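Structure file structure.txt; described as compact mmCIF, C-alpha atoms.
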```txt
# COMPACT_ATOMS: atom_id res chain seq x y z
CA MET A 251 -137.66 -120.04 -28.81
CA VAL A 252 -134.64 -118.13 -27.58
CA PRO A 253 -131.63 -120.49 -27.58
CA PHE A 254 -130.12 -121.24 -24.18
CA SER A 255 -126.39 -121.86 -23.87
CA ILE A 256 -123.98 -122.59 -21.00
CA LEU A 257 -120.80 -120.87 -19.85
CA ASP A 258 -118.64 -123.17 -17.74
CA LEU A 259 -115.48 -122.23 -15.85
CA SER A 260 -114.78 -125.87 -14.90
CA PRO A 261 -114.84 -125.04 -11.18
CA ILE A 262 -112.41 -126.87 -8.93
CA VAL A 263 -114.19 -127.41 -5.63
CA GLN A 264 -112.58 -127.53 -2.21
CA GLY A 265 -111.22 -131.03 -1.72
CA GLY A 266 -111.37 -131.71 -5.46
CA THR A 267 -108.86 -131.73 -8.31
CA ALA A 268 -108.60 -130.15 -11.75
CA GLY A 269 -109.02 -133.59 -13.29
CA GLN A 270 -112.32 -134.07 -11.50
CA ALA A 271 -113.45 -130.60 -12.55
CA LEU A 272 -112.75 -131.31 -16.21
CA GLN A 273 -114.57 -134.64 -16.08
CA ARG A 274 -117.54 -132.94 -14.46
CA SER A 275 -117.51 -130.34 -17.22
CA LEU A 276 -117.74 -133.11 -19.80
CA ASP A 277 -120.57 -134.74 -17.85
CA LEU A 278 -122.43 -131.42 -17.70
CA ALA A 279 -121.87 -130.85 -21.43
CA ARG A 280 -123.39 -134.25 -22.23
CA HIS A 281 -126.28 -133.42 -19.92
CA ALA A 282 -126.72 -130.06 -21.65
CA GLU A 283 -126.72 -131.70 -25.07
CA ARG A 284 -129.52 -134.04 -24.02
CA LEU A 285 -131.48 -131.09 -22.63
CA GLY A 286 -131.26 -129.11 -25.88
CA TYR A 287 -128.77 -126.38 -24.95
CA HIS A 288 -127.31 -124.71 -28.04
CA ARG A 289 -123.71 -123.95 -27.06
CA TYR A 290 -121.28 -124.95 -24.35
CA TRP A 291 -118.48 -122.46 -23.79
CA VAL A 292 -115.46 -122.53 -21.49
CA ALA A 293 -113.38 -119.52 -20.46
CA GLU A 294 -109.68 -118.71 -20.24
CA HIS A 295 -108.47 -117.78 -16.75
CA HIS A 296 -104.96 -118.09 -15.37
CA ASN A 297 -103.42 -118.50 -11.93
CA MET A 298 -106.89 -119.24 -10.49
CA PRO A 299 -106.91 -122.19 -8.06
CA GLY A 300 -110.66 -122.63 -8.55
CA ILE A 301 -110.78 -122.71 -12.37
CA ALA A 302 -109.55 -125.60 -14.53
CA SER A 303 -110.09 -124.15 -18.01
CA ALA A 304 -106.83 -122.21 -18.50
CA ALA A 305 -105.81 -124.28 -21.55
CA THR A 306 -109.09 -123.38 -23.21
CA ALA A 307 -108.57 -124.97 -26.63
CA VAL A 308 -107.55 -128.24 -24.99
CA VAL A 309 -110.68 -128.25 -22.82
CA ILE A 310 -112.85 -127.51 -25.87
CA GLY A 311 -111.35 -130.53 -27.62
CA HIS A 312 -112.04 -132.68 -24.55
CA ILE A 313 -115.69 -131.61 -24.44
CA ALA A 314 -116.29 -131.73 -28.19
CA ALA A 315 -114.85 -135.26 -28.36
CA GLY A 316 -117.26 -136.42 -25.68
CA THR A 317 -120.37 -134.88 -27.25
CA SER A 318 -121.86 -135.07 -30.73
CA THR A 319 -124.21 -132.18 -31.58
CA ILE A 320 -123.86 -129.26 -29.17
CA ARG A 321 -121.67 -126.36 -30.32
CA VAL A 322 -118.53 -125.98 -28.21
CA GLY A 323 -116.42 -122.88 -27.92
CA SER A 324 -114.61 -120.26 -25.91
CA GLY A 325 -116.24 -117.66 -23.73
CA GLY A 326 -113.63 -116.60 -24.26
CA VAL A 327 -110.07 -116.82 -25.38
CA MET A 328 -108.19 -113.73 -24.19
CA LEU A 329 -106.65 -112.75 -27.50
CA PRO A 330 -104.00 -110.34 -26.11
CA ASN A 331 -102.38 -113.36 -24.41
CA HIS A 332 -101.75 -115.08 -27.76
CA ALA A 333 -100.50 -114.54 -31.29
CA PRO A 334 -103.47 -114.54 -33.68
CA LEU A 335 -101.80 -117.21 -35.83
CA VAL A 336 -101.60 -119.59 -32.86
CA ILE A 337 -105.31 -119.15 -32.11
CA ALA A 338 -106.15 -119.64 -35.79
CA GLU A 339 -104.20 -122.90 -35.83
CA GLN A 340 -105.75 -124.13 -32.58
CA PHE A 341 -109.31 -123.39 -33.60
CA GLY A 342 -108.66 -124.47 -37.17
CA THR A 343 -107.57 -127.80 -35.73
CA LEU A 344 -110.70 -127.99 -33.56
CA GLU A 345 -112.93 -127.14 -36.54
CA SER A 346 -111.18 -129.80 -38.62
CA LEU A 347 -111.80 -132.39 -35.91
CA PHE A 348 -115.38 -131.29 -35.13
CA PRO A 349 -116.67 -129.56 -38.26
CA GLY A 350 -119.54 -127.14 -37.83
CA ARG A 351 -119.48 -127.24 -34.02
CA ILE A 352 -116.73 -124.83 -32.93
CA ASP A 353 -117.16 -121.19 -31.80
CA LEU A 354 -114.36 -118.74 -31.09
CA GLY A 355 -115.33 -116.09 -28.55
CA LEU A 356 -112.66 -113.43 -27.99
CA GLY A 357 -111.99 -111.14 -25.05
CA ARG A 358 -109.36 -108.44 -24.56
CA ALA A 359 -108.77 -108.75 -20.79
CA PRO A 360 -105.84 -110.83 -19.49
CA GLY A 361 -108.05 -113.27 -17.58
CA SER A 362 -105.63 -112.93 -14.69
CA ASP A 363 -103.84 -110.51 -12.40
CA GLN A 364 -101.16 -108.17 -13.70
CA LEU A 365 -98.24 -110.31 -12.48
CA THR A 366 -99.66 -113.34 -14.30
CA ALA A 367 -100.35 -111.19 -17.35
CA ARG A 368 -96.66 -110.34 -17.49
CA ALA A 369 -95.79 -114.04 -17.39
CA LEU A 370 -98.28 -114.76 -20.17
CA ARG A 371 -97.34 -111.85 -22.40
CA ARG A 372 -93.62 -111.80 -21.64
CA GLY A 373 -93.75 -108.13 -20.67
CA ASN A 374 -95.91 -106.92 -23.57
CA LEU A 375 -98.72 -105.48 -21.43
CA ASP A 376 -99.80 -103.09 -24.18
CA SER A 377 -101.10 -105.95 -26.34
CA ALA A 378 -104.72 -105.24 -25.36
CA ASP A 379 -104.42 -101.96 -27.28
CA GLU A 380 -103.80 -104.01 -30.43
CA PHE A 381 -107.01 -105.98 -30.00
CA PRO A 382 -108.92 -104.62 -33.06
CA ARG A 383 -105.94 -105.27 -35.33
CA ASP A 384 -105.44 -108.75 -33.86
CA VAL A 385 -109.12 -109.61 -34.41
CA MET A 386 -108.90 -108.61 -38.07
CA GLU A 387 -105.64 -110.56 -38.48
CA LEU A 388 -107.34 -113.60 -36.98
CA GLN A 389 -110.30 -113.18 -39.34
CA ALA A 390 -107.89 -113.13 -42.29
CA TYR A 391 -106.34 -116.44 -41.28
CA PHE A 392 -109.75 -118.14 -41.50
CA ARG A 393 -110.37 -116.91 -45.06
CA PRO A 394 -109.17 -118.98 -48.04
CA ALA A 395 -105.44 -118.44 -48.49
CA GLY A 396 -104.39 -116.27 -51.42
CA PRO A 397 -101.92 -117.52 -54.05
CA ASN A 398 -99.09 -115.34 -52.73
CA GLN A 399 -99.96 -115.43 -49.03
CA ALA A 400 -96.70 -115.98 -47.17
CA VAL A 401 -98.16 -116.93 -43.78
CA GLN A 402 -101.12 -119.32 -43.55
CA ALA A 403 -102.95 -121.03 -40.71
CA VAL A 404 -102.78 -124.78 -41.34
CA PRO A 405 -105.35 -125.96 -40.42
CA GLY A 406 -107.46 -122.83 -40.37
CA ALA A 407 -107.41 -121.23 -43.81
CA GLY A 408 -110.82 -121.37 -45.45
CA LEU A 409 -112.60 -122.84 -42.44
CA ALA A 410 -114.52 -119.68 -41.47
CA VAL A 411 -114.69 -120.48 -37.74
CA PRO A 412 -117.40 -118.19 -36.26
CA ILE A 413 -115.84 -115.36 -34.25
CA TRP A 414 -117.70 -113.66 -31.39
CA LEU A 415 -116.58 -110.59 -29.49
CA LEU A 416 -117.15 -110.63 -25.74
CA GLY A 417 -117.12 -107.74 -23.33
CA SER A 418 -118.54 -105.88 -20.36
CA SER A 419 -118.22 -102.34 -21.75
CA LEU A 420 -118.96 -100.40 -24.92
CA PHE A 421 -115.58 -101.10 -26.56
CA SER A 422 -116.26 -104.63 -27.77
CA ALA A 423 -119.87 -103.75 -28.59
CA GLN A 424 -118.68 -101.02 -30.95
CA LEU A 425 -115.98 -103.21 -32.47
CA ALA A 426 -118.40 -106.12 -33.01
CA ALA A 427 -120.83 -103.73 -34.68
CA ALA A 428 -118.12 -102.28 -36.93
CA LEU A 429 -116.89 -105.72 -38.02
CA GLY A 430 -120.35 -107.27 -38.39
CA LEU A 431 -119.74 -109.92 -35.73
CA PRO A 432 -121.99 -111.41 -33.03
CA PHE A 433 -121.59 -109.93 -29.56
CA ALA A 434 -121.88 -111.41 -26.06
CA PHE A 435 -122.11 -109.26 -22.93
CA ALA A 436 -120.72 -110.45 -19.58
CA SER A 437 -123.66 -109.38 -17.43
CA HIS A 438 -123.13 -112.41 -15.19
CA PHE A 439 -120.55 -110.41 -13.22
CA ALA A 440 -120.43 -106.90 -14.75
CA PRO A 441 -123.98 -105.69 -15.41
CA ASP A 442 -123.46 -101.93 -15.41
CA HIS A 443 -123.36 -101.21 -19.14
CA LEU A 444 -125.60 -104.01 -20.40
CA ALA A 445 -128.43 -101.91 -21.83
CA GLU A 446 -126.15 -99.28 -23.32
CA ALA A 447 -123.81 -101.85 -24.90
CA LEU A 448 -126.68 -103.73 -26.53
CA GLU A 449 -128.16 -100.51 -27.88
CA VAL A 450 -124.82 -99.37 -29.29
CA TYR A 451 -124.21 -102.77 -30.86
CA ARG A 452 -127.62 -102.90 -32.54
CA THR A 453 -127.75 -99.31 -33.77
CA GLU A 454 -124.16 -99.25 -35.10
CA PHE A 455 -124.12 -102.76 -36.60
CA ARG A 456 -122.74 -103.04 -40.11
CA PRO A 457 -123.92 -106.20 -41.91
CA SER A 458 -121.27 -108.71 -42.95
CA ALA A 459 -121.41 -111.72 -45.25
CA ALA A 460 -121.70 -114.12 -42.32
CA TRP A 461 -123.96 -111.92 -40.18
CA PRO A 462 -126.44 -109.78 -42.15
CA GLN A 463 -128.16 -108.85 -38.89
CA PRO A 464 -126.87 -108.21 -35.36
CA HIS A 465 -126.89 -111.16 -32.99
CA ALA A 466 -126.64 -110.32 -29.30
CA MET A 467 -126.19 -112.72 -26.43
CA ALA A 468 -125.97 -111.94 -22.70
CA ALA A 469 -124.72 -114.13 -19.88
CA ILE A 470 -126.34 -114.31 -16.44
CA ALA A 471 -125.86 -116.47 -13.38
CA VAL A 472 -128.81 -118.76 -12.74
CA PHE A 473 -129.17 -121.04 -9.72
CA ALA A 474 -132.24 -123.28 -9.73
CA ALA A 475 -133.39 -125.78 -7.13
CA ALA A 476 -136.56 -127.26 -5.66
CA THR A 477 -137.15 -124.20 -3.47
CA ASP A 478 -136.03 -120.59 -3.33
CA ALA A 479 -134.24 -121.29 -0.06
CA GLU A 480 -132.30 -124.23 -1.48
CA ALA A 481 -131.24 -122.23 -4.54
CA ALA A 482 -130.14 -119.32 -2.33
CA ARG A 483 -127.99 -121.74 -0.35
CA LEU A 484 -126.33 -123.05 -3.53
CA PHE A 485 -125.62 -119.45 -4.53
CA THR A 486 -123.53 -118.87 -1.40
CA SER A 487 -120.64 -120.84 -2.92
CA LEU A 488 -120.28 -118.25 -5.68
CA GLN A 489 -120.75 -115.38 -3.23
CA GLN A 490 -117.95 -116.69 -1.01
CA SER A 491 -115.69 -117.31 -4.00
CA PHE A 492 -116.23 -113.79 -5.34
CA ILE A 493 -115.40 -112.23 -1.97
CA ASN A 494 -112.23 -114.32 -1.70
CA LEU A 495 -111.20 -113.16 -5.17
CA ARG A 496 -111.76 -109.50 -4.30
CA ARG A 497 -109.79 -109.96 -1.08
CA GLY A 498 -106.86 -111.18 -3.15
CA SER A 499 -107.07 -114.79 -1.99
CA PRO A 500 -108.77 -116.80 -4.73
CA GLY A 501 -109.19 -120.48 -4.07
CA PRO A 502 -111.25 -123.55 -4.89
CA LEU A 503 -115.03 -123.21 -4.87
CA PRO A 504 -116.21 -123.52 -1.24
CA PRO A 505 -119.23 -125.55 -0.13
CA PRO A 506 -122.49 -123.64 0.39
CA VAL A 507 -123.46 -122.28 3.79
CA ASP A 508 -126.81 -121.70 5.45
CA SER A 509 -126.16 -117.99 5.88
CA MET A 510 -123.62 -115.40 4.75
CA ASP A 511 -124.03 -113.48 8.01
CA GLY A 512 -120.62 -112.79 9.50
CA ARG A 513 -118.83 -113.90 6.34
CA TRP A 514 -118.81 -110.51 4.64
CA SER A 515 -118.73 -106.85 5.57
CA PRO A 516 -121.59 -104.54 4.59
CA ALA A 517 -119.39 -103.12 1.84
CA GLU A 518 -118.59 -106.59 0.52
CA GLN A 519 -122.24 -107.56 0.61
CA ALA A 520 -123.12 -104.49 -1.42
CA MET A 521 -120.33 -105.24 -3.89
CA VAL A 522 -121.51 -108.83 -4.40
CA SER A 523 -125.15 -107.78 -4.71
CA HIS A 524 -124.21 -105.27 -7.38
CA ALA A 525 -121.96 -107.65 -9.35
CA PHE A 526 -124.68 -110.31 -9.42
CA SER A 527 -127.65 -107.99 -9.75
CA GLU A 528 -128.77 -109.83 -12.89
CA ALA A 529 -128.52 -113.26 -11.23
CA VAL A 530 -131.68 -115.36 -11.08
CA VAL A 531 -131.86 -117.58 -8.01
CA GLY A 532 -134.79 -119.71 -6.93
CA SER A 533 -137.28 -122.45 -7.65
CA LEU A 534 -138.50 -123.36 -11.12
CA ALA A 535 -141.28 -120.76 -10.96
CA THR A 536 -138.92 -118.05 -9.70
CA VAL A 537 -136.31 -118.84 -12.34
CA GLU A 538 -138.91 -118.87 -15.09
CA ARG A 539 -140.13 -115.41 -14.09
CA GLY A 540 -136.61 -114.05 -13.78
CA ILE A 541 -135.35 -115.36 -17.10
CA LYS A 542 -138.49 -114.27 -18.93
CA ALA A 543 -138.18 -110.76 -17.47
CA PHE A 544 -134.50 -110.56 -18.47
CA VAL A 545 -135.18 -111.69 -22.04
CA ARG A 546 -138.09 -109.28 -22.40
CA ARG A 547 -136.10 -106.37 -21.00
CA THR A 548 -132.96 -106.95 -23.07
CA GLY A 549 -134.37 -108.48 -26.25
CA VAL A 550 -131.33 -110.75 -26.52
CA ASP A 551 -131.21 -113.22 -29.39
CA GLU A 552 -129.62 -115.84 -27.16
CA LEU A 553 -129.17 -116.39 -23.43
CA MET A 554 -126.05 -117.86 -21.84
CA VAL A 555 -126.38 -119.14 -18.29
CA THR A 556 -123.66 -119.98 -15.82
CA ALA A 557 -123.55 -121.35 -12.29
CA ALA A 558 -120.68 -122.37 -10.02
CA ILE A 559 -122.36 -124.99 -7.83
CA TYR A 560 -120.33 -127.04 -5.36
CA ASP A 561 -122.34 -130.28 -5.56
CA HIS A 562 -122.24 -131.80 -9.04
CA ALA A 563 -125.64 -133.47 -8.79
CA ALA A 564 -127.20 -130.15 -7.72
CA ARG A 565 -125.47 -128.45 -10.65
CA LEU A 566 -126.89 -130.95 -13.13
CA ARG A 567 -130.34 -130.52 -11.63
CA SER A 568 -130.09 -126.72 -11.78
CA PHE A 569 -129.39 -126.74 -15.52
CA GLU A 570 -132.18 -129.25 -16.01
CA LEU A 571 -134.65 -126.90 -14.35
CA ILE A 572 -133.33 -123.96 -16.36
CA ALA A 573 -133.91 -125.90 -19.58
CA GLN A 574 -137.54 -126.39 -18.60
CA THR A 575 -138.10 -122.63 -18.45
CA ARG A 576 -137.02 -122.20 -22.07
CA LYS A 577 -140.22 -123.78 -23.29
CA GLN A 578 -142.16 -120.90 -21.75
CA ILE A 579 -140.25 -118.16 -23.59
CA SER A 580 -141.33 -117.48 -27.15
CA ALA A 581 -139.12 -116.26 -29.95
CA ALA A 582 -141.01 -112.98 -29.94
CA GLU A 583 -139.79 -112.24 -26.44
CA GLY A 584 -136.21 -112.60 -27.60
CA THR A 585 -136.35 -110.24 -30.56
CA LEU A 586 -137.59 -106.98 -29.12
CA GLY A 587 -135.01 -104.83 -30.88
CA PRO A 588 -132.80 -102.18 -29.28
CA VAL A 589 -132.94 -101.91 -25.52
CA ARG A 590 -134.24 -98.71 -23.99
CA THR A 591 -131.66 -97.26 -21.63
CA GLN A 592 -134.32 -96.10 -19.21
```

If you took the structure in this file and wrote it as structure tokens, what would it be?
Amino acid sequence: MVPFSILDLSPIVQGGTAGQALQRSLDLARHAERLGYHRYWVAEHHNMPGIASAATAVVIGHIAAGTSTIRVGSGGVMLPNHAPLVIAEQFGTLESLFPGRIDLGLGRAPGSDQLTARALRRGNLDSADEFPRDVMELQAYFRPAGPNQAVQAVPGAGLAVPIWLLGSSLFSAQLAAALGLPFAFASHFAPDHLAEALEVYRTEFRPSAAWPQPHAMAAIAVFAAATDAEAARLFTSLQQSFINLRRGSPGPLPPPVDSMDGRWSPAEQAMVSHAFSEAVVGSLATVERGIKAFVRRTGVDELMVTAAIYDHAARLRSFELIAQTRKQISAAEGTLGPVRTQ
């Protein structure tokens, strides 16, 4: 069966705190582990009042310490914000504490606005252009240290922490293929180049020692509930949050509403519909059909699902329903080869 994994932004809800969000993330991770999810990733975002996972390595440690078998990682760490040595030490430490369970997903965006990026990078806004070199430097720190190696990651050297490249365009797909790394596409909010990126990744992939074959994962938003109407209502929290972000006023995750009428302009509605065009929202039967169609169409080796749901109990139930659909999707449906662009 195609593995299912979870991407969590540790949403801070209106009226809630970051501490509550992080505890709920741990609770969801434990729930996911019991349900058989393969990975649990958290993402680096900064200056976002509705996201509690800015200190990504710290959050990974919190979740890994509270679970026992599920893989825990970053989806992702924004490498241009950090020196590769620092990331190697952080994830080397995590791997030393939780051996065989840590993933390092890397992105090249700032995970913030430009003003915050300046604060993070201390004025070095060209660091994203150095991304390929930084990835290879990071890879080197995880190899066994040589006898004359002047700079080593301690811990880190020799631990071979799995590195993933993440992206929503062709750049990271091409780089992942060139370096023989697994690739994850952010189709949960940027679906435009999904098919093309997967095709490029698969056709240009160069085998590596760790990955003799390409391994592609895609992320989608999935909201599941007892009925289609109830799931659609849960989805309105994310729709409102996305509009607020695009208006330049990000905030905590708002509660769901019965209708989005009057809450967005026609242009904003079209923008949201496009951004979440791959989202699957509905009852168990609807979600099963939607996920199965996505896996068949893309041929992904792994599926990562995400959902910003205001009510924690509803969020737990949504991921429980999603897990039930996995039993209906065979491995053959997840290994269809390169995606046709048309």

Using only C-alpha atoms, which of A:Ala315, A:Val308, A:Met298, A:Ala468 sits nearest Leu276 (chain A)?
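With only C-alpha atoms as the atom set, the closest residue is A:Ala315.
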
Selection near region 273-275 of chain A, 12 Å with all atoms listed in the file, sequence-local residues under 2 positions removed, as a PyMOL selection string:
chain A and resi 256-263+266-271+277-282+290-292+301-303+309-310+312-314+316-317+322+557-563+565-566

What gap, in Å, lies between CA of Phe435 (chain A) and CA of Glu528 (chain A)?
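Pair CA of Phe435 (chain A) / CA of Glu528 (chain A) returns 12.1 Å.
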
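Residues lying at most 8 Å from (-117.8, -106.1, -24.3) in file coordinates, with all atoms listed in the file considered, are Gly357, Leu415, Leu416, Gly417, Ser418, Ser419, Leu420, Phe421, Ser422, Ala423, Phe433, Ala434, Phe435, Ala436 and Ala447 of chain A.
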
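With CA of Val550 (chain A) on one side and CA of Ala466 (chain A) on the other, the separation reads 5.5 Å.
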
Write out as a PyMOL selection string the residues lying within 8 Å of Arg321 (chain A), counting all atoms listed in the file and excluding same-chain residues fewer than 2 positions away.
chain A and resi 288-290+314+319+323+350-353

Could you give me, as a PyMOL selection string, the residues within 10 Å of Ile470 (chain A), counting all atoms listed in the file and dropping anything in the same chain fewer than 2 positions from it?
chain A and resi 256-257+435-441+468+472-473+526-530+541+544+553-557

Which one of A:Gly300, A:Lys542, A:Ile493, A:Ala293 sits closest to Ala517 (chain A) if you count only C-alpha atoms?
A:Ile493

Nearest to Leu484 (chain A) among A:Arg383, A:Ala426, A:Asp508, A:Tyr391, with distances taken over only C-alpha atoms: which residue is it?
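Counting only C-alpha atoms, the residue closest to Leu484 (chain A) is A:Asp508.
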
Calculate how many Å separate CA of Arg483 (chain A) from CA of Glu570 (chain A), rounding to one decimal.
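Answer for the CA of Arg483 (chain A) to CA of Glu570 (chain A) separation: 17.9 Å.
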
Please, what is the axis-aligned box for every listed atom of region 552-569 of chain A with 6 Å on each side, as centre and edge lengths in Å to one decimal, as lines of an AutoDock Vina configuration file?
```
center_x = -125.3
center_y = -124.7
center_z = -16.3
size_x = 22.0
size_y = 29.6
size_z = 33.8
```

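Nearest residue to Leu329 (chain A) among A:Gln264, A:Ser491, A:Gln364, A:Thr306 is A:Thr306, counting all atoms listed in the file.
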
For Gly286 (chain A), work out the shell of residues within 9 Å, counting only C-alpha atoms and skipping chain neighbours fewer than 3 positions away, then give it as a PyMOL selection string.
chain A and resi 253-255+281-283+320+573
